[in-house]
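Asker: The file below is protein24.csv, CSV, C-alpha atoms:
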chain,number,residue,atom,x,y,z
A,1416,MET,CA,-175.0,-25.6,-19.9
A,1417,LYS,CA,-173.6,-24.7,-16.5
A,1418,LYS,CA,-170.1,-25.6,-17.7
A,1419,ILE,CA,-170.5,-23.4,-20.7
A,1420,VAL,CA,-171.6,-20.4,-18.6
A,1421,ILE,CA,-168.7,-21.0,-16.2
A,1422,ALA,CA,-166.2,-21.2,-19.1
A,1423,PHE,CA,-167.7,-18.0,-20.6
A,1424,LEU,CA,-167.4,-16.2,-17.3
A,1425,PHE,CA,-163.8,-17.4,-16.8
A,1426,SER,CA,-162.9,-16.3,-20.3
A,1427,ALA,CA,-164.5,-12.9,-19.7
A,1428,LEU,CA,-162.6,-12.5,-16.4
A,1429,PHE,CA,-159.3,-13.5,-18.1
A,1430,ILE,CA,-159.8,-10.8,-20.7
A,1431,VAL,CA,-160.6,-8.1,-18.0
A,1432,ILE,CA,-157.5,-9.2,-16.0
A,1433,LYS,CA,-155.3,-9.2,-19.1
A,1434,HIS,CA,-156.6,-5.8,-20.2
A,1435,ASP,CA,-155.9,-4.4,-16.7
A,1436,LEU,CA,-152.3,-5.8,-16.7
A,1437,PHE,CA,-151.6,-4.2,-20.1
A,1438,ALA,CA,-153.1,-0.9,-18.9
A,1439,GLN,CA,-150.8,-0.9,-15.9
A,1440,VAL,CA,-147.8,-1.6,-18.2
A,1441,ASP,CA,-148.8,1.3,-20.5
A,1442,ALA,CA,-149.3,3.6,-17.5
A,1443,ASN,CA,-145.7,2.8,-16.4
A,1444,ARG,CA,-144.3,3.4,-19.9
A,1445,PRO,CA,-145.4,6.8,-21.1
A,1446,LYS,CA,-145.6,7.4,-24.9
A,1447,PRO,CA,-142.9,9.4,-26.6
A,1448,ARG,CA,-143.7,13.1,-27.1
A,1449,LEU,CA,-142.2,15.6,-29.5
A,1450,ASN,CA,-139.1,17.3,-28.1
A,1451,HIS,CA,-137.8,19.3,-31.1
A,1452,ILE,CA,-137.6,19.5,-34.9
A,1453,ALA,CA,-134.2,20.6,-36.3
A,1454,LEU,CA,-133.7,22.3,-39.6
A,1455,TYR,CA,-130.3,22.6,-41.2
A,1456,VAL,CA,-130.0,26.1,-42.7
A,1457,THR,CA,-127.5,28.0,-44.9
A,1458,ASP,CA,-127.8,31.4,-43.2
A,1459,LEU,CA,-128.7,31.4,-39.5
A,1460,LYS,CA,-129.4,35.1,-39.3
A,1461,LYS,CA,-131.7,35.1,-42.3
A,1462,SER,CA,-133.6,32.0,-41.1
A,1463,THR,CA,-133.8,33.3,-37.5
A,1464,ASP,CA,-135.3,36.6,-38.7
A,1465,PHE,CA,-137.8,34.7,-40.9
A,1466,TYR,CA,-139.1,32.4,-38.1
A,1467,GLU,CA,-139.1,35.2,-35.6
A,1468,HIS,CA,-140.7,38.0,-37.7
A,1469,VAL,CA,-142.7,36.2,-40.4
A,1470,VAL,CA,-143.8,33.0,-38.6
A,1471,GLN,CA,-143.8,34.9,-35.3
A,1472,LEU,CA,-142.2,32.3,-33.1
A,1473,ASP,CA,-140.5,33.2,-29.8
A,1474,THR,CA,-136.8,32.4,-29.4
A,1475,ILE,CA,-135.8,30.6,-26.3
A,1476,PRO,CA,-132.3,30.1,-24.7
A,1477,GLU,CA,-130.1,27.6,-26.4
A,1478,PRO,CA,-127.2,25.9,-24.6
A,1479,PHE,CA,-124.4,26.1,-27.2
A,1480,HIS,CA,-123.9,29.8,-27.5
A,1481,ASP,CA,-121.7,29.2,-30.6
A,1482,GLY,CA,-123.6,31.4,-33.1
A,1483,LYS,CA,-124.7,28.4,-35.1
A,1484,HIS,CA,-128.0,27.6,-33.3
A,1485,THR,CA,-131.3,29.4,-32.7
A,1486,TRP,CA,-134.1,27.7,-30.7
A,1487,PHE,CA,-137.8,28.6,-30.9
A,1488,ALA,CA,-140.7,27.5,-28.7
A,1489,ILE,CA,-143.3,25.7,-30.9
A,1490,GLY,CA,-145.5,24.4,-28.1
A,1491,PRO,CA,-145.5,24.0,-24.4
A,1492,LEU,CA,-142.8,21.3,-24.5
A,1493,SER,CA,-141.5,21.4,-28.0
A,1494,HIS,CA,-138.9,23.4,-29.9
A,1495,LEU,CA,-137.7,24.2,-33.4
A,1496,HIS,CA,-133.9,24.2,-33.7
A,1497,LEU,CA,-132.2,26.0,-36.5
A,1498,ILE,CA,-128.7,24.8,-37.1
A,1499,GLU,CA,-126.4,26.7,-39.5
A,1500,GLY,CA,-124.0,24.8,-41.7
A,1501,SER,CA,-126.0,23.6,-44.7
A,1502,LYS,CA,-124.0,24.3,-47.9
A,1503,GLU,CA,-127.1,24.6,-50.2
A,1504,SER,CA,-130.9,24.9,-50.1
A,1505,LEU,CA,-132.4,21.8,-51.6
A,1506,SER,CA,-135.7,21.4,-53.4
A,1507,ARG,CA,-138.2,19.9,-51.1
A,1508,GLU,CA,-141.7,18.3,-51.6
A,1509,LYS,CA,-144.7,20.1,-50.2
A,1510,ASN,CA,-145.8,16.9,-48.5
A,1511,THR,CA,-142.9,17.3,-46.1
A,1512,HIS,CA,-143.7,20.4,-44.2
A,1513,LEU,CA,-144.0,22.1,-40.8
A,1514,CYS,CA,-147.5,23.1,-39.9
A,1515,PHE,CA,-148.5,25.9,-37.5
A,1516,THR,CA,-152.1,26.8,-36.5
A,1517,VAL,CA,-153.1,30.4,-36.2
A,1518,ALA,CA,-156.4,32.1,-35.2
A,1519,SER,CA,-156.9,33.6,-38.6
A,1520,VAL,CA,-155.4,32.7,-41.9
A,1521,PRO,CA,-156.4,36.1,-43.5
A,1522,ASP,CA,-154.6,37.9,-40.7
A,1523,PHE,CA,-151.5,35.8,-41.2
A,1524,ILE,CA,-151.6,36.5,-44.9
A,1525,LYS,CA,-151.3,40.2,-44.1
A,1526,ILE,CA,-148.0,39.4,-42.4
A,1527,LEU,CA,-146.8,37.5,-45.5
A,1528,ASP,CA,-147.9,40.3,-47.7
A,1529,ALA,CA,-146.0,42.8,-45.5
A,1530,HIS,CA,-142.8,40.7,-46.0
A,1531,LYS,CA,-143.5,40.2,-49.7
A,1532,ILE,CA,-143.7,36.4,-49.3
A,1533,GLU,CA,-145.7,34.4,-51.8
A,1534,TYR,CA,-148.0,31.7,-50.6
A,1535,GLU,CA,-150.1,29.1,-52.4
A,1536,ASP,CA,-152.9,26.7,-51.9
A,1537,TRP,CA,-152.4,22.9,-51.8
A,1538,PRO,CA,-152.6,22.4,-55.6
A,1539,GLY,CA,-150.0,25.2,-56.1
A,1540,LYS,CA,-152.1,28.2,-57.2
A,1541,LYS,CA,-150.3,31.3,-56.1
A,1542,MET,CA,-151.9,33.7,-53.6
A,1543,GLN,CA,-154.8,31.3,-53.0
A,1544,VAL,CA,-156.1,29.5,-49.9
A,1545,THR,CA,-157.3,25.9,-49.7
A,1546,LYS,CA,-160.4,25.0,-47.8
A,1547,ARG,CA,-160.1,21.4,-46.7
A,1548,VAL,CA,-163.1,19.1,-46.6
A,1549,ASP,CA,-163.3,19.6,-42.8
A,1550,GLY,CA,-163.6,23.4,-43.2
A,1551,VAL,CA,-160.0,24.2,-42.2
A,1552,PHE,CA,-158.3,26.9,-44.3
A,1553,GLN,CA,-154.7,26.5,-45.1
A,1554,ILE,CA,-151.8,28.0,-47.1
A,1555,TYR,CA,-148.3,27.0,-47.9
A,1556,PHE,CA,-145.0,28.9,-48.4
A,1557,LYS,CA,-141.3,28.3,-48.2
A,1558,ASP,CA,-138.7,29.5,-45.7
A,1559,PRO,CA,-135.3,30.8,-46.9
A,1560,ASP,CA,-133.9,27.3,-47.3
A,1561,GLY,CA,-136.9,25.9,-49.2
A,1562,TYR,CA,-138.6,24.1,-46.3
A,1563,TRP,CA,-142.4,24.1,-46.7
A,1564,ILE,CA,-144.6,25.6,-44.0
A,1565,GLU,CA,-148.3,25.2,-43.7
A,1566,ILE,CA,-150.4,27.7,-41.9
A,1567,ASN,CA,-154.0,26.7,-41.0
A,1568,ASP,CA,-156.8,27.6,-38.7
A,1569,ALA,CA,-157.6,24.2,-37.3
A,1570,LYS,CA,-159.4,24.4,-33.9
A,1571,ASN,CA,-157.9,21.2,-32.4
Please render this file's structure as structure tokens.

Answerer:
Amino acid sequence: MKKIVIAFLFSALFIVIKHDLFAQVDANRPKPRLNHIALYVTDLKKSTDFYEHVVQLDTIPEPFHDGKHTWFAIGPLSHLHLIEGSKESLSREKNTHLCFTVASVPDFIKILDAHKIEYEDWPGKKMQVTKRVDGVFQIYFKDPDGYWIEINDAKN
């Protein structure tokens, strides 16, 4: 019995030591974080105006200064990069989308209405809002190049 207890304690100690070693390795190797998302657009001015005035993102300095890039802040350490050069706007699935959280979906809808931009709920009903099972409200609309954007009021 004494050998079983000693073996159990040794196993438990080994697991704790192994966990601590892996925790130290993880602490020395930070996880990747989002730096930026790049969208290839056909008309940089049109897309820049859209993201600045409709989505209401703030531009930030971009290093190229070549008239083919616009950068926006989309978080404390993340950016959205628009890059001009696409020859055509392609059809895109709604499942592939950018999502931004706002304080109020109804207030954001007023901005879309002012710019005459149609939105829809998840199933595709025009000018409707989805209420997810977790209580979050969301809408979807497209940017000038057909990229889908979700706006929701998630709190976290």

Asker: Which residue, A:Lys1531, A:Lys1570, A:Arg1547, A:His1496, has the smallest gap to Pro1478 in chain A when you use only C-alpha atoms?

Answerer: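 Answer, going by the shortest atom-to-atom distance: A:His1496.
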
Asker: Would you please work out which residue, of A:Thr1485, A:Asn1443, A:Asn1450, A:Ser1519, is nearest to Thr1463 in chain A when using only C-alpha atoms?

Answerer: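 Nearest candidate to Thr1463 in chain A out of A:Thr1485, A:Asn1443, A:Asn1450, A:Ser1519: A:Thr1485.
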
Asker: So, counting only C-alpha atoms, which residue among A:Leu1505, A:Ile1475, A:Val1551, A:Val1520 is closest to Tyr1534 in chain A?

Answerer: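 So, comparing all the options, the nearest one is A:Val1520.
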
Asker: At a cut-off of 12 Å, using only C-alpha atoms, what residues contact Val1548 in chain A? Leave out same-chain residues fewer than 4 positions from it and give the result as a PyMOL selection string.

Answerer: chain A and resi 1552-1553+1569

Asker: Between A:Glu1535, A:Asp1458, A:Asp1473, A:Asp1558, which is the closest to Arg1507 in chain A once you count all atoms listed in the file?

Answerer: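 The closest residue to Arg1507 in chain A is A:Asp1558.
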
Asker: So, counting only C-alpha atoms, which residue among A:Gln1471, A:Asn1510, A:Ser1501, A:Asn1567 is closest to Lys1546 in chain A?

Answerer: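 For Lys1546 in chain A, the nearest of the given residues is A:Asn1567.
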
Asker: To one decimal place, how far is CA of Glu1499 in chain A from CA of His1530 in chain A in Å?

Answerer: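 Here the two named atoms are 22.5 Å from each other.
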
Asker: Just checking: using only C-alpha atoms, which residue out of A:Asp1441, A:Ser1506, A:Leu1497, A:Phe1487 ends up closest to Val1470 in chain A?

Answerer: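 So, comparing all the options, the nearest one is A:Phe1487.
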
Asker: Work out how far apart CA of Gly1490 in chain A and CA of Gln1543 in chain A are and give it in Å to one decimal.

Answerer: 27.5 Å

Asker: Would you mind reading off the distance between CA of Lys1502 in chain A and CA of Thr1474 in chain A, one decimal, in Å?

Answerer: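 Interatomic distance here is 23.9 Å.
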
Asker: Using only C-alpha atoms, which residues sit within 10 Å of Pro1476 in chain A once same-chain residues fewer than 3 positions away are excluded, as a list in words?

Answerer: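 Listing them by chain and then by number gives Phe1479, His1480, His1484, Thr1485, Trp1486, Phe1487 and Ala1488 of chain A.
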